[in-house]
Amino acid sequence: MTSNMEQRPDPANLDDRGLSETETERVSYLRAGHSLKSWLLTTDHKRIAILYVLSITFFFFIGAMAAALIRLDLLTPAGDLLTNEGYNRAFTLHGVVMVWFFLIPSIPNTFGNFLIPLMIGAKDLAFPKLNLLSWYIYVIAGLFTVFVLIAGGVDTGWTFYTPLSTMYANGNVILAASAVFIVGFSSILTGLNFIVTVHKLRCPGMTWNRLPLFVWSIYATSIILVLATPVLSITLVLISLERLFGLGIFNPALGGDPLLYQHLFWFYSHPAVYIMVLPALGVVSELVAAGARKPIFGYQFVAGSSIAIAALGFFVWGHHMFVSGQSTYASAVFSFLSIAVAIPSGIKVYNWTATLFKGHISLDPPFLFAMAFIGLFVFGGLTGLMLAMLAIDVHVHDTYFVIAHFHYIMVGGTISAFFGALHYWWPKIVGRMYSLAWGRLTAIFFFLGFNLTFFPQFLLGYLGMPRRYHVYPPEFQVLNVISTGGAAVLGIAYIMPFVYLTYSMRYGQPAGNDPWGATGLEWTTPSPPPKHNFETIPVVDRPPYDYEIEMGDDDA
Amino acid sequence: MPETAPVTEPYRDPRQQHDAAMMGMYIFLSSEIMLFGGLFAAAAAMRLAHAAEVVQASQALHFGIGGLNTAVLLTSSLFVALAIEAGKGGKAATAAGWLAGAAVLGLCFLAIKTYEYHAEFAEGLLPVPGVQSRYATSIQHLFMNLYLAATALHALHLTIGIVLLLVLALQTARRAIPLPQRSIILITAGLYWHLVDVVWVFLYPVFYLAR
Amino acid sequence: MNFIPLWPPSISGYSHQVDLLVIAFTALIISLSAPVFILLVVFAAKYRRGRPADRKHAPNRNVALEVSWSVIPFVALFGFYVWSTDLFARLYRPPADAMQIDVVAKQWMWKFQHPEGQAEINELHVPTGQPVKLTMASQDVIHSLFIPALRIKQDVVPGRYTTIWFAVDKPGVYRIACSQYCGTNHSEMAGSFVAVSPTDYAQWLSRSANDPSLAAEGAGLFRSRGCSGCHDPGSSARAPSLVGLYGNPVPLQSGQTVIADDEYIRDSILLPQSQIAAGYQPIMPTFQNVLSEEDVLKIVAYIKSLRRGEATQ
């Protein structure tokens with residue numbers, strides 16, 4: 001390919017928008033059609049990935065604005081920034097947008113879309129048009145949610161518990177439930193697409209045992225997407241019917257049971273959190289291998305652990321209901337299974353650590369984010385185990401302890417991994433390298449800001465500050481102020497990449513096929529890749545992470 | 001395997017493309033099973049909590065009409081299977097005929113269901129907002145609500161299936177779908193229809209035959 | 001540590017146990033994770049790219065190691081599981097001599113009803129050294145009674161009773177909060193938990209308003225709402241006698257037998273079609289829209305007080 005031809009953009013070679021570009025970029029997927037139509041009607045998985053990046057960033061900022069309001073209100077013990085109603089709508093919006101419009105699509109629909117075909121040696125996903133349809137469904141649902149916000153929002157919490165949501169709440173419950181219902185189809189079709197792709201479109205020689213671990217994790221995620229999301233769909237239909245027509249299945253006056261809602265809701269929502277973290281775990285496997293220039297220790301166990309987490313994750317939903325009034329026997333069983341599901345995650349972490357042993361560790365931004373992930377995910381996961389212990393959960397359930405726990409996983413974990421992925425595959429996606437110094441600075445700001453924001457919340461939770469409260473005893477103020485301060489630092493870390501990454505698109509060094517010296521089929525293509533990924537379908541005959549392991553004397 | 005089936009990107013050979021389409025449809029159907037699964041879970045919870053009243057309420061339904069509907073749907077599935085056989089054999093007109101017949105049976109199902117709803121309404125059992133109803137217990141009210149929700153969701157899926165079959169029957173008759181090369185289209189549509197049938201086969205005993 | 005509190009007060013034997021469990025579990029967490037953090041830093045430094053080091057024969061897999069770091073943490077965690085589940089189970093086994101206090105939660109307040117008749121709003125007085133059992137009902141949505149100093153919490157679910165029990169060691173004033181999001185004023189649904197010595201408690205009881213006892217109020221409702229019309233022994237309608245009902249088995253129409261506990265009595269009043277006593281017609285009307293949860297609790301208290309040999313009042 002022509003990637004080695006130029007070291008710098010050629011000022012004489014300007015396309016019609018005045019941006020200098022390399023020869024590689026000129027023939028890449030980015031320039032295969034310039035019109036808006038060529039983007040909005042694309043079936044190229046790489047372009048669809050970029051459409052998703054733009055849209056999830058938009059929704060992330062909506063969710064982040066809601067978070068900013070929350071943290072500002074929590075600076076003082078009195079509820080003086082927002083009214084009670086306003087605050088309730090703010091945290092509901094934050095939850096709904098962040099869960100369904102940011103976290104769930106975040107890694108699968110961006111990096112999953114972009115990378116899966118490249119990693120398995122295919123030209124696209126199994127159903128390219130369905131892929132585009134998934135994006136449109138997502139966008140329509142998202143715009144619907146914005147509409148719900150403008151129409152006054154909803155104040156039930158993202159969990160929509162009955163009978164509050166069905167009989168007492170006076171916000172736009174059905175509209176909000178409908179928006180989430182619609183986006184569910186995007187999830188299901190995405191999962192369907194990935195599963196068929198991984199089964200049917202692997203290039204010759206790409207056996208299951210040679211798949212990159214990122215592919216394994218997206219595959220496991222897709223199983224959950226396909227099987228769990230429909231349960232949410234029917235649950236949303238049921239609460240809408242209850243609210244509109246008095247269905248009664250959740251209403252004790254008619255013989256229904258409010259707890260039935262919780263079972264149905266959490267049957268989806270617990271696996272949903274694995275949708276949010278499994279792709280991140282897959283990203284980190286890739287980053288650790290590339291960062292250490294070493295095969296992942298115990299590949300089979302790590303691959304299998306993704307499947308184990310997906311499977312076991314379907315059987316632990318009752319740990320959200322230990323104090324709900326469900327039977328103590330059920331609670332005991334769910335507690336036990338929740339411990340079991342933590343073990344595969346532990347395997348990953350220990351295996352990553354072992355991978356670093358005798359490796360060649362780089363401290364470039366992607367790998368810093370991977371290490372941040374490991375630290376924060378371990379802490380978050382172990383506090384999750386704490387929550388799985390029944391007697392401990394009775395005290396900290398529905399307090400800031402739980403909020404801290406899940407933000408450690410979703411922000412400390414998933415967003416760390418998302419940033420790690422962004423900083424790792426950015427050169428592949430746009431063909432340019434960015435400033436590594438700024439990348440490292442972002443990682444540091446992120447790690448510090450994150451811990452400042454969320455560690456105090458563990459203390460607040462144990463002290464007894466319930467969640468969804470904007471009025472609290474004055475002695476909790478100092479910890480809340482620290483948390484809000486941390487959120488400001490975190491906010492800066494979120495904004496920084498916008499600056500240097502967009503700068504790199506114009507002024508960055510051309511990246512070449514494989515700027516990190518990593519293994520994987522995606523690094524054999526030009527950066528950015530051509531529209532059809534591969535001129536000829538590759539044939540694989542080597543194990544994954546086929547780095548050279550020294551047997552003789554050492555060198556750098 | 002039809003040699004002349006067109007292969008679109010990203011597939012490399014027709015077998016691969018065919019297998020992908022089949023797998024895709026099976027995965028979609030498993031998601032539909034999980035969707036109805038939530039309803040069945042709600043019905044099971046209701047039955048466990050109020051066994052005696054649920055049995056009573058179930059006895060008030062017309063299991064004969066429901067049984068007739070079951071036979072209608074099973075027959076329509078047979079028609080669809082025959083359509084697919086014809087399609088795989090390249091017999092477009094026959095396939096179109098069987099598809100249309102299945103769609104008509106689907107419409108019969110809906111007609112019989114409408115008649116049944118009407119009868120239940122006349123008995124004061126169908127929950128209609130604003131209309132006074134005659135329930136023996138509040139559980140019967142809940143049962144009838146859930147029955148209506150479940151059969152309505154099924155009817156919605158059935159309607160989508162009827163439209164799908166009619167469109168395909170038309171396309172097949174006009175030779176717009178090359179057969180047997182593109183018989184995969186009929187096969188996957190047929191799988192959807194079979195699922196709608198199977199869902200009914202479970203809905204029927206859960207609501208009509210609780211004893 | 002008043003500037004930044006780091007640990008809540010712990011005022012019962014049970015809460016001390018929970019704290020012990022938490023501290024021990026934290027030690028376990030540290031032992032499982034510290035090696036990872038330390039090694040991460042050590043390896044990143046020692047094996048930094050470009051730094052000479054012995055990288056010969058780097059291992060790629062070691063099944064024995066992988067199995068052991070799956071099994072060993074699991075076994076350790078299982079030990080904690082047993083400890084924690086045992087503690088948890090105790091929350092659901094109140095002693096037989098526990099003093100019963102009824103709780104009604106509604107948007108957005110707590111009402112506590114002492115058996116002697118005292119009713120408190122958003123404040124709960126209890127004596128120390130005495131097991132207290134709370135029977136809780138919700139008037140509307142799901143609430144949750146949370147007393148951080150006791151390390152206990154229980155959701156209050158409409159349509160049923162939920163219970164929790166405790167025995168306080170240390171007197172003092174502590175927080176109560178609602179910890180299940182319940183609508184607009186959820187953040188303001190807090191209260192005080194006032195634990196006093198038994199003598200102080202007796203004094204408080206006698207000082208507060210002379211309300212009739214719960215059972216006496218229940219008796220009044222039993223008459224005024226028409227229950228006695230059918231359930232009095234002399235009535236012409238055939239309804240089961242309620243004397244000596246509480247705590248005893250009741251054969252049902254369906255062939256099952258249930259024990260007449262608080263929940264059974266509540267369901268009989270609000271969902272009378274649900275569990276018909278054997279040999280009786282399903283003719284009892286529901287009092288769902290007539291009686292509040294509070295009223296029902298009072299009637300339950302009255303029915304509980306009916307023992308054999310006493311005539312109904």
# chains A, B, ... in the order shown; residues from 1 in each chain; ligands from 1
>>> interface_residues(of="chain B", to="chain C", cutoff="8 Å", atoms="only C-alpha atoms", output="PDB file with all heavy atoms, in the first residue's frame")
ATOM      1  N   HIS B  50     -52.499 -16.580  42.895  1.00  0.00           N
ATOM      2  CA  HIS B  50     -53.966 -16.671  43.028  1.00  0.00           C
ATOM      3  C   HIS B  50     -54.506 -17.858  42.249  1.00  0.00           C
ATOM      4  O   HIS B  50     -55.348 -17.707  41.366  1.00  0.00           O
ATOM      5  CB  HIS B  50     -54.627 -15.405  42.491  1.00  0.00           C
ATOM      6  CG  HIS B  50     -54.092 -14.140  43.086  1.00  0.00           C
ATOM      7  ND1 HIS B  50     -54.399 -13.719  44.357  1.00  0.00           N
ATOM      8  CD2 HIS B  50     -53.271 -13.205  42.578  1.00  0.00           C
ATOM      9  CE1 HIS B  50     -53.787 -12.588  44.600  1.00  0.00           C
ATOM     10  NE2 HIS B  50     -53.092 -12.246  43.548  1.00  0.00           N
ATOM     11  N   ALA B  52     -56.608 -20.399  42.660  1.00  0.00           N
ATOM     12  CA  ALA B  52     -58.031 -20.745  42.548  1.00  0.00           C
ATOM     13  C   ALA B  52     -58.780 -19.754  41.649  1.00  0.00           C
ATOM     14  O   ALA B  52     -59.564 -20.156  40.781  1.00  0.00           O
ATOM     15  CB  ALA B  52     -58.665 -20.778  43.936  1.00  0.00           C
ATOM     16  N   GLU B  53     -58.526 -18.462  41.875  1.00  0.00           N
ATOM     17  CA  GLU B  53     -59.255 -17.471  41.066  1.00  0.00           C
ATOM     18  C   GLU B  53     -58.848 -17.523  39.597  1.00  0.00           C
ATOM     19  O   GLU B  53     -59.661 -17.252  38.712  1.00  0.00           O
ATOM     20  CB  GLU B  53     -58.999 -16.047  41.582  1.00  0.00           C
ATOM     21  CG  GLU B  53     -59.570 -15.784  42.953  1.00  0.00           C
ATOM     22  CD  GLU B  53     -58.557 -16.064  44.042  1.00  0.00           C
ATOM     23  OE1 GLU B  53     -57.721 -16.973  43.866  1.00  0.00           O
ATOM     24  OE2 GLU B  53     -58.603 -15.380  45.064  1.00  0.00           O
ATOM     25  N   THR B 137     -64.324 -11.815  40.704  1.00  0.00           N
ATOM     26  CA  THR B 137     -63.302 -11.388  41.655  1.00  0.00           C
ATOM     27  C   THR B 137     -62.412 -10.355  40.977  1.00  0.00           C
ATOM     28  O   THR B 137     -62.403 -10.245  39.748  1.00  0.00           O
ATOM     29  CB  THR B 137     -62.398 -12.568  42.073  1.00  0.00           C
ATOM     30  OG1 THR B 137     -61.690 -13.023  40.906  1.00  0.00           O
ATOM     31  CG2 THR B 137     -63.204 -13.706  42.657  1.00  0.00           C
TER      32      THR B 137
END
>>> select_by_dssp(residues="range 185-286 of chain C", states="strand (DSSP E or B)", output="ChimeraX atom specification")
/C:190-196,249-252,257-259,277
>>> residues_around(residues="range 198-202 of chain B", least_positions_apart="6", cutoff="12 Å", atoms="only C-alpha atoms", output="ChimeraX atom specification")
/B:29-30,32-37,39-40,43,66-74,76-77,109,150-155,157-158,191-192,208-210
>>> write_last_selection(atoms="N, CA, C and O atoms", output="compact mmCIF listing (two decimals), in the first residue's frame")
# COMPACT_ATOMS: atom_id res chain seq x y z
N LEU B 29 -35.70 -14.56 16.22
CA LEU B 29 -36.81 -15.28 16.83
C LEU B 29 -36.55 -15.56 18.30
O LEU B 29 -37.48 -15.53 19.12
N SER B 30 -35.29 -15.81 18.66
CA SER B 30 -35.03 -16.04 20.09
C SER B 30 -35.29 -14.76 20.87
O SER B 30 -35.74 -14.81 22.02
N GLU B 32 -37.64 -12.65 20.14
CA GLU B 32 -39.10 -12.62 20.25
C GLU B 32 -39.59 -13.56 21.35
O GLU B 32 -40.54 -13.24 22.08
N ILE B 33 -38.93 -14.70 21.48
CA ILE B 33 -39.31 -15.63 22.53
C ILE B 33 -39.09 -14.98 23.89
O ILE B 33 -39.92 -15.11 24.80
N MET B 34 -37.98 -14.26 24.05
CA MET B 34 -37.74 -13.58 25.32
C MET B 34 -38.79 -12.50 25.56
O MET B 34 -39.20 -12.27 26.71
N LEU B 35 -39.24 -11.85 24.49
CA LEU B 35 -40.28 -10.82 24.64
C LEU B 35 -41.55 -11.43 25.22
O LEU B 35 -42.08 -10.97 26.22
N PHE B 36 -42.04 -12.49 24.57
CA PHE B 36 -43.25 -13.12 25.08
C PHE B 36 -42.97 -13.80 26.42
O PHE B 36 -43.88 -13.96 27.25
N GLY B 37 -41.70 -14.17 26.63
CA GLY B 37 -41.33 -14.78 27.91
C GLY B 37 -41.70 -13.90 29.09
O GLY B 37 -42.15 -14.39 30.13
N LEU B 39 -44.19 -11.90 29.29
CA LEU B 39 -45.63 -12.04 29.50
C LEU B 39 -45.96 -13.35 30.21
O LEU B 39 -46.79 -13.40 31.11
N PHE B 40 -45.29 -14.42 29.76
CA PHE B 40 -45.54 -15.70 30.39
C PHE B 40 -45.11 -15.67 31.85
O PHE B 40 -45.75 -16.28 32.72
N ALA B 43 -47.82 -14.05 33.74
CA ALA B 43 -48.95 -14.97 33.89
C ALA B 43 -48.65 -16.02 34.94
O ALA B 43 -49.51 -16.38 35.75
N GLY B 66 -61.04 -20.79 21.14
CA GLY B 66 -59.58 -20.74 21.16
C GLY B 66 -58.99 -21.96 20.48
O GLY B 66 -57.99 -21.87 19.76
N GLY B 67 -59.59 -23.10 20.73
CA GLY B 67 -59.11 -24.33 20.11
C GLY B 67 -59.24 -24.29 18.59
O GLY B 67 -58.32 -24.71 17.87
N LEU B 68 -60.36 -23.75 18.15
CA LEU B 68 -60.55 -23.61 16.70
C LEU B 68 -59.45 -22.73 16.13
O LEU B 68 -58.85 -23.04 15.09
N ASN B 69 -59.18 -21.65 16.81
CA ASN B 69 -58.13 -20.75 16.35
C ASN B 69 -56.78 -21.45 16.31
O ASN B 69 -55.96 -21.22 15.41
N THR B 70 -56.53 -22.31 17.28
CA THR B 70 -55.27 -23.05 17.28
C THR B 70 -55.17 -23.90 16.02
O THR B 70 -54.13 -23.95 15.35
N ALA B 71 -56.28 -24.57 15.71
CA ALA B 71 -56.29 -25.41 14.50
C ALA B 71 -56.04 -24.56 13.26
O ALA B 71 -55.30 -24.96 12.34
N VAL B 72 -56.67 -23.39 13.21
CA VAL B 72 -56.50 -22.50 12.06
C VAL B 72 -55.03 -22.12 11.89
O VAL B 72 -54.47 -22.19 10.79
N LEU B 73 -54.40 -21.75 12.98
CA LEU B 73 -53.00 -21.33 12.88
C LEU B 73 -52.08 -22.49 12.51
O LEU B 73 -51.15 -22.33 11.71
N LEU B 74 -52.32 -23.64 13.10
CA LEU B 74 -51.49 -24.79 12.76
C LEU B 74 -51.61 -25.13 11.28
O LEU B 74 -50.61 -25.43 10.62
N SER B 76 -52.35 -23.02 8.94
CA SER B 76 -51.65 -21.99 8.17
C SER B 76 -50.15 -22.24 8.16
O SER B 76 -49.48 -21.99 7.16
N SER B 77 -49.62 -22.77 9.25
CA SER B 77 -48.20 -23.10 9.26
C SER B 77 -47.90 -24.22 8.27
O SER B 77 -46.85 -24.21 7.62
N PHE B 109 -58.13 -16.24 11.58
CA PHE B 109 -57.81 -16.22 13.01
C PHE B 109 -58.26 -14.91 13.62
O PHE B 109 -58.91 -14.87 14.67
N ALA B 150 -51.96 -9.96 26.26
CA ALA B 150 -51.19 -11.01 25.60
C ALA B 150 -51.73 -11.34 24.22
O ALA B 150 -50.97 -11.44 23.24
N THR B 151 -53.05 -11.49 24.11
CA THR B 151 -53.60 -11.83 22.80
C THR B 151 -53.48 -10.65 21.84
O THR B 151 -53.29 -10.85 20.64
N ALA B 152 -53.52 -9.42 22.37
CA ALA B 152 -53.34 -8.26 21.49
C ALA B 152 -51.92 -8.21 20.95
O ALA B 152 -51.70 -7.95 19.77
N LEU B 153 -50.95 -8.47 21.80
CA LEU B 153 -49.56 -8.47 21.34
C LEU B 153 -49.35 -9.57 20.30
O LEU B 153 -48.68 -9.38 19.27
N HIS B 154 -49.97 -10.73 20.56
CA HIS B 154 -49.87 -11.82 19.59
C HIS B 154 -50.53 -11.42 18.28
O HIS B 154 -49.99 -11.65 17.19
N ALA B 155 -51.70 -10.78 18.39
CA ALA B 155 -52.42 -10.37 17.18
C ALA B 155 -51.62 -9.35 16.38
O ALA B 155 -51.62 -9.37 15.14
N HIS B 157 -48.34 -9.23 16.23
CA HIS B 157 -47.31 -10.00 15.52
C HIS B 157 -47.91 -10.76 14.36
O HIS B 157 -47.30 -10.90 13.29
N LEU B 158 -49.13 -11.27 14.58
CA LEU B 158 -49.79 -12.03 13.52
C LEU B 158 -50.10 -11.11 12.33
O LEU B 158 -49.90 -11.49 11.17
N LEU B 191 -40.19 -18.90 8.85
CA LEU B 191 -39.77 -19.11 10.24
C LEU B 191 -40.48 -18.14 11.17
O LEU B 191 -40.92 -18.50 12.26
N TYR B 192 -40.61 -16.89 10.73
CA TYR B 192 -41.32 -15.91 11.54
C TYR B 192 -42.75 -16.37 11.77
O TYR B 192 -43.27 -16.34 12.90
N TYR B 208 -56.39 -20.42 28.44
CA TYR B 208 -57.68 -21.09 28.30
C TYR B 208 -57.79 -22.39 29.10
O TYR B 208 -58.88 -22.83 29.40
N LEU B 209 -56.66 -23.03 29.38
CA LEU B 209 -56.73 -24.38 29.93
C LEU B 209 -56.17 -24.49 31.35
O LEU B 209 -55.73 -25.56 31.75
N ALA B 210 -56.18 -23.37 32.07
CA ALA B 210 -55.68 -23.43 33.46
C ALA B 210 -56.71 -24.15 34.33
O ALA B 210 -57.83 -23.68 34.48
>>> residues_around(residues="Asp364 in chain A", least_positions_apart="6", cutoff="12 Å", atoms="only C-alpha atoms", output="PyMOL selection string")
(chain A and resi 287-288+290-292+370-371+420+423-424+434-444+515-516) or (chain C and resi 44+48-49)
>>> closest_residue(among="B:Leu148, B:Leu99, B:Gly106, B:Ala93", to="Phe121 in chain B", atoms="only C-alpha atoms")
B:Leu148
>>> closest_residue(among="A:Thr76, A:Thr83, A:Thr484, A:Asn193", to="chain C", atoms="only C-alpha atoms")
A:Thr83
>>> closest_residue(among="A:Glu23, A:Asp44, A:Asp73, A:Asp124", to="chain B", atoms="only C-alpha atoms")
A:Asp124
>>> interface_residues(of="chain A", to="chain C", cutoff="6 Å", atoms="only C-alpha atoms", output="PyMOL selection string")
chain A and resi 84-85+163-164+252+297-298+323-324+358-362+389-391+394-395+398+463-464+466+469+471+550-551+556
>>> decode(residues="range 89-98 of chain B", atoms="all heavy atoms", output="mmCIF file, in the first residue's frame")
data_model
loop_
_atom_site.group_PDB
_atom_site.id
_atom_site.type_symbol
_atom_site.label_atom_id
_atom_site.label_comp_id
_atom_site.auth_asym_id
_atom_site.auth_seq_id
_atom_site.Cartn_x
_atom_site.Cartn_y
_atom_site.Cartn_z
ATOM 1 N N GLY B 89 -38.491 -25.687 -4.906
ATOM 2 C CA GLY B 89 -38.556 -26.433 -6.159
ATOM 3 C C GLY B 89 -38.724 -25.529 -7.372
ATOM 4 O O GLY B 89 -38.855 -26.006 -8.493
ATOM 5 N N GLY B 90 -38.750 -24.213 -7.142
ATOM 6 C CA GLY B 90 -38.848 -23.280 -8.264
ATOM 7 C C GLY B 90 -40.269 -23.050 -8.750
ATOM 8 O O GLY B 90 -40.479 -22.373 -9.756
ATOM 9 N N LYS B 91 -41.272 -23.589 -8.031
ATOM 10 C CA LYS B 91 -42.647 -23.446 -8.521
ATOM 11 C C LYS B 91 -43.265 -22.178 -7.928
ATOM 12 O O LYS B 91 -43.873 -22.193 -6.854
ATOM 13 C CB LYS B 91 -43.488 -24.650 -8.114
ATOM 14 C CG LYS B 91 -42.895 -25.992 -8.530
ATOM 15 C CD LYS B 91 -44.026 -27.038 -8.593
ATOM 16 C CE LYS B 91 -43.466 -28.452 -8.571
ATOM 17 N NZ LYS B 91 -42.900 -28.814 -7.261
ATOM 18 N N ALA B 92 -43.086 -21.072 -8.620
ATOM 19 C CA ALA B 92 -43.491 -19.772 -8.065
ATOM 20 C C ALA B 92 -44.988 -19.671 -7.846
ATOM 21 O O ALA B 92 -45.449 -19.204 -6.798
ATOM 22 C CB ALA B 92 -43.005 -18.655 -8.977
ATOM 23 N N ALA B 93 -45.772 -20.085 -8.822
ATOM 24 C CA ALA B 93 -47.238 -19.927 -8.701
ATOM 25 C C ALA B 93 -47.779 -20.715 -7.526
ATOM 26 O O ALA B 93 -48.607 -20.228 -6.734
ATOM 27 C CB ALA B 93 -47.911 -20.363 -9.996
ATOM 28 N N THR B 94 -47.289 -21.962 -7.385
ATOM 29 C CA THR B 94 -47.746 -22.788 -6.250
ATOM 30 C C THR B 94 -47.374 -22.135 -4.934
ATOM 31 O O THR B 94 -48.178 -22.059 -3.995
ATOM 32 C CB THR B 94 -47.078 -24.181 -6.320
ATOM 33 O OG1 THR B 94 -47.013 -24.600 -7.669
ATOM 34 C CG2 THR B 94 -47.837 -25.178 -5.476
ATOM 35 N N ALA B 95 -46.135 -21.682 -4.871
ATOM 36 C CA ALA B 95 -45.681 -21.061 -3.629
ATOM 37 C C ALA B 95 -46.550 -19.862 -3.285
ATOM 38 O O ALA B 95 -46.996 -19.697 -2.149
ATOM 39 C CB ALA B 95 -44.211 -20.635 -3.764
ATOM 40 N N ALA B 96 -46.795 -19.013 -4.292
ATOM 41 C CA ALA B 96 -47.618 -17.824 -4.051
ATOM 42 C C ALA B 96 -48.993 -18.225 -3.545
ATOM 43 O O ALA B 96 -49.546 -17.590 -2.627
ATOM 44 C CB ALA B 96 -47.727 -17.005 -5.324
ATOM 45 N N GLY B 97 -49.540 -19.308 -4.137
ATOM 46 C CA GLY B 97 -50.861 -19.755 -3.706
ATOM 47 C C GLY B 97 -50.879 -20.173 -2.250
ATOM 48 O O GLY B 97 -51.757 -19.760 -1.476
ATOM 49 N N TRP B 98 -49.904 -20.994 -1.849
ATOM 50 C CA TRP B 98 -49.880 -21.441 -0.461
ATOM 51 C C TRP B 98 -49.677 -20.270 0.494
ATOM 52 O O TRP B 98 -50.263 -20.204 1.576
ATOM 53 C CB TRP B 98 -48.776 -22.470 -0.239
ATOM 54 C CG TRP B 98 -49.093 -23.850 -0.786
ATOM 55 C CD1 TRP B 98 -48.393 -24.528 -1.742
ATOM 56 C CD2 TRP B 98 -50.196 -24.706 -0.428
ATOM 57 N NE1 TRP B 98 -48.951 -25.747 -1.977
ATOM 58 C CE2 TRP B 98 -50.077 -25.883 -1.187
ATOM 59 C CE3 TRP B 98 -51.259 -24.597 0.480
ATOM 60 C CZ2 TRP B 98 -50.977 -26.945 -1.074
ATOM 61 C CZ3 TRP B 98 -52.155 -25.648 0.583
ATOM 62 C CH2 TRP B 98 -52.018 -26.813 -0.188
#
